[in-house]
Amino acid sequence: MDYQASLDRALDEMPDLGGSDERLEVPDAQAQKDGAFTRLTNLAAIADALSRDPEHIHSTIQRDLGTNGQYANGRARYNGTFTGGDFDTAIKKYVEEYVICSECGLPDTRLVTEGRTQMLRCEACGAFRPVAKRKRTQQRSDRPDVEEGKTYEVKITGTGRKGDGVAEKGKYTIFVPGAKEGQVVNAYIENVSGTLAFARLA
């Protein structure tokens, strides 16, 4: 066997550490509106594709979207109105932080905990790094779209389970008793809980 053939064979047998996550196929997020909530119906399938705990992904999505929610039986529900694109963006951030190796760019990693530090270990190249904590200072400094004690002009776009009018403002879902779908009303915010706001007609 000549030198060139030997070199080609050796190159073919070497592991590819070129740094590509193209073979990581993550299903598109499937969002489903449910009254004042939005369901992510295929979170379990997304978690399987990423080889990660679905509840861990769920908690990270909550943090990214700035909302609360619940996870059960492969499906997640979040307070507020979100699109599949909103979920896809949050999942992409999750992949960058908790899945892709920063050294070789491959998704062949696993999460481990040492002491109180969460680490990402790459099975392809052996890299081992702590998971970076996200900065939340910007989120804290942002003024919320809805505040208690203020009045907003909103359009009623739906009806809640108790017959209240439902409006959306930013990430907030506002319940307005006495308002009907299609109306534009002035809503005085009496109470805010997470991304849910409870108002009265002003």
# chains A, B, ... in the order shown; residues from 1 in each chain; ligands from 1
call {"tool": "select_by_dssp", "arguments": {"residues": "range 37-161 of chain A", "states": "helix (DSSP H, G or I)", "output": "MDAnalysis selection string"}}
result
chainID A and resid 43:50 54:65 84:98 137:141
call {"tool": "residues_around", "arguments": {"residues": "range 164-166 of chain A", "least_positions_apart": "2", "cutoff": "6 Å", "atoms": "only C-alpha atoms", "output": "list in words"}}
result
Ile156, Thr157, Gly158, Thr159, Gly160, Lys162, Ile174, Phe175, Val176, Pro177, Ala179 and Lys180 of chain A
call {"tool": "atom_distance", "arguments": {"atom1": "CA of Leu106 in chain A", "atom2": "CA of Glu123 in chain A"}}
result
9.2 Å
call {"tool": "select_by_dssp", "arguments": {"residues": "range 46-166 of chain A", "states": "strand (DSSP E)", "output": "MDAnalysis selection string"}}
result
chainID A and resid 69:72 75:79 109:114 117:122 128:130 151:159 165:166
call {"tool": "write_last_selection", "arguments": {"atoms": "C-alpha atoms", "output": "compact mmCIF listing (two decimals), in the first residue's frame"}}
result
# COMPACT_ATOMS: atom_id res chain seq x y z
CA GLY A 69 -45.88 26.63 34.42
CA GLN A 70 -46.32 22.93 35.05
CA TYR A 71 -44.84 19.77 33.53
CA ALA A 72 -46.52 16.36 33.54
CA ARG A 75 -46.40 17.93 28.19
CA ALA A 76 -45.69 21.36 29.60
CA ARG A 77 -48.04 24.25 30.26
CA TYR A 78 -47.02 27.88 30.70
CA ASN A 79 -48.93 30.91 31.95
CA THR A 109 -22.20 15.62 26.13
CA ARG A 110 -23.74 14.81 29.47
CA LEU A 111 -24.53 16.92 32.52
CA VAL A 112 -22.86 16.00 35.78
CA THR A 113 -22.78 17.69 39.15
CA GLU A 114 -19.62 18.12 41.19
CA THR A 117 -21.47 23.02 40.37
CA GLN A 118 -23.18 21.73 37.25
CA MET A 119 -20.63 20.58 34.68
CA LEU A 120 -20.83 19.64 31.00
CA ARG A 121 -18.63 16.69 30.01
CA CYS A 122 -18.01 15.95 26.33
CA PHE A 128 -15.07 19.36 30.86
CA ARG A 129 -16.47 22.76 31.80
CA PRO A 130 -18.88 24.34 34.27
CA THR A 151 -55.09 51.36 34.11
CA TYR A 152 -54.50 50.07 30.57
CA GLU A 153 -56.56 50.17 27.42
CA VAL A 154 -56.79 46.58 26.21
CA LYS A 155 -58.72 44.58 23.64
CA ILE A 156 -60.63 41.57 24.90
CA THR A 157 -59.54 38.67 22.70
CA GLY A 158 -61.09 35.72 24.52
CA THR A 159 -63.22 34.43 27.37
CA GLY A 165 -62.96 38.72 29.40
CA VAL A 166 -59.33 37.89 28.60
call {"tool": "closest_residue", "arguments": {"among": "A:Gly74, A:Glu181, A:Ala199, A:Asn42", "to": "Gly163 in chain A", "atoms": "only C-alpha atoms"}}
result
A:Glu181
call {"tool": "atom_distance", "arguments": {"atom1": "CA of Tyr94 in chain A", "atom2": "CA of Gly35 in chain A"}}
result
26.8 Å
call {"tool": "closest_residue", "arguments": {"among": "A:Leu43, A:Val146, A:Cys104, A:Ala167", "to": "Ile189 in chain A", "atoms": "only C-alpha atoms"}}
result
A:Val146
call {"tool": "atom_distance", "arguments": {"atom1": "CA of Ala197 in chain A", "atom2": "CA of Ala90 in chain A"}}
result
23.6 Å
call {"tool": "closest_atom_pairs", "arguments": {"of": "range 95-129 of chain A", "to": "range 45-50 of chain A", "cutoff": "10 Å", "atoms": "only C-alpha atoms", "output": "CSV"}}
result
residue,atom,partner,partner_atom,distance
A:Val95,CA,A:Leu50,CA,7.8
A:Tyr98,CA,A:Leu50,CA,9.4
A:Val99,CA,A:Leu50,CA,7.2
A:Ile100,CA,A:Leu50,CA,9.8
A:Pro107,CA,A:Leu50,CA,8.1
A:Asp108,CA,A:Leu50,CA,9.4
A:Thr109,CA,A:Leu50,CA,9.5
A:Arg110,CA,A:Leu50,CA,9.8
call {"tool": "write_last_selection", "arguments": {"atoms": "N, CA and C atoms", "output": "short mmCIF file (atom, residue, chain, number, x, y, z; two decimals), in the first residue's frame"}}
result
data_model
loop_
_atom_site.label_atom_id
_atom_site.label_comp_id
_atom_site.auth_asym_id
_atom_site.auth_seq_id
_atom_site.Cartn_x
_atom_site.Cartn_y
_atom_site.Cartn_z
N VAL A 95 -29.84 24.49 24.27
CA VAL A 95 -28.87 23.65 23.57
C VAL A 95 -27.47 24.25 23.65
N TYR A 98 -26.46 23.94 27.57
CA TYR A 98 -26.44 22.67 28.28
C TYR A 98 -26.16 21.44 27.41
N VAL A 99 -25.97 21.63 26.10
CA VAL A 99 -25.79 20.46 25.24
C VAL A 99 -24.51 20.52 24.40
N ILE A 100 -24.31 21.60 23.66
CA ILE A 100 -23.19 21.68 22.72
C ILE A 100 -21.86 21.90 23.45
N PRO A 107 -22.64 17.56 20.04
CA PRO A 107 -23.66 17.43 21.07
C PRO A 107 -23.48 16.21 21.96
N ASP A 108 -22.34 15.52 21.84
CA ASP A 108 -22.11 14.28 22.59
C ASP A 108 -21.65 14.59 24.01
N THR A 109 -22.55 15.18 24.78
CA THR A 109 -22.20 15.62 26.13
C THR A 109 -23.20 15.06 27.14
N ARG A 110 -22.80 15.15 28.39
CA ARG A 110 -23.74 14.81 29.47
C ARG A 110 -23.52 15.77 30.62
#
call {"tool": "residues_around", "arguments": {"residues": "range 26-33 of chain A", "least_positions_apart": "5", "cutoff": "6 Å", "atoms": "only C-alpha atoms", "output": "list in words"}}
result
Thr38, Arg39, Leu40, Thr41, Ile46, Ala49, Thr83, Gly84 and Asp88 of chain A
call {"tool": "closest_residue", "arguments": {"among": "A:Gly170, A:Gly178, A:Gly149, A:Gly115", "to": "Leu65 in chain A", "atoms": "only C-alpha atoms"}}
result
A:Gly170
call {"tool": "residues_around", "arguments": {"residues": "Tyr172 in chain A", "least_positions_apart": "3", "cutoff": "6 Å", "atoms": "only C-alpha atoms", "output": "number ranges by chain"}}
result
A: 80, 168-169, 195-196
call {"tool": "write_last_selection", "arguments": {"atoms": "N, CA and C atoms", "output": "compact mmCIF listing (two decimals), in the first residue's frame"}}
result
# COMPACT_ATOMS: atom_id res chain seq x y z
N GLY A 80 -49.66 32.35 30.12
CA GLY A 80 -49.48 33.38 29.11
C GLY A 80 -49.60 32.82 27.70
N GLU A 168 -54.50 40.31 26.35
CA GLU A 168 -53.07 40.05 26.42
C GLU A 168 -52.32 41.38 26.33
N LYS A 169 -51.30 41.52 27.16
CA LYS A 169 -50.42 42.70 27.09
C LYS A 169 -49.00 42.24 27.39
N THR A 195 -47.41 35.91 35.54
CA THR A 195 -47.78 36.60 34.30
C THR A 195 -49.30 36.70 34.15
N LEU A 196 -50.02 36.50 35.25
CA LEU A 196 -51.47 36.64 35.25
C LEU A 196 -51.84 37.93 35.99
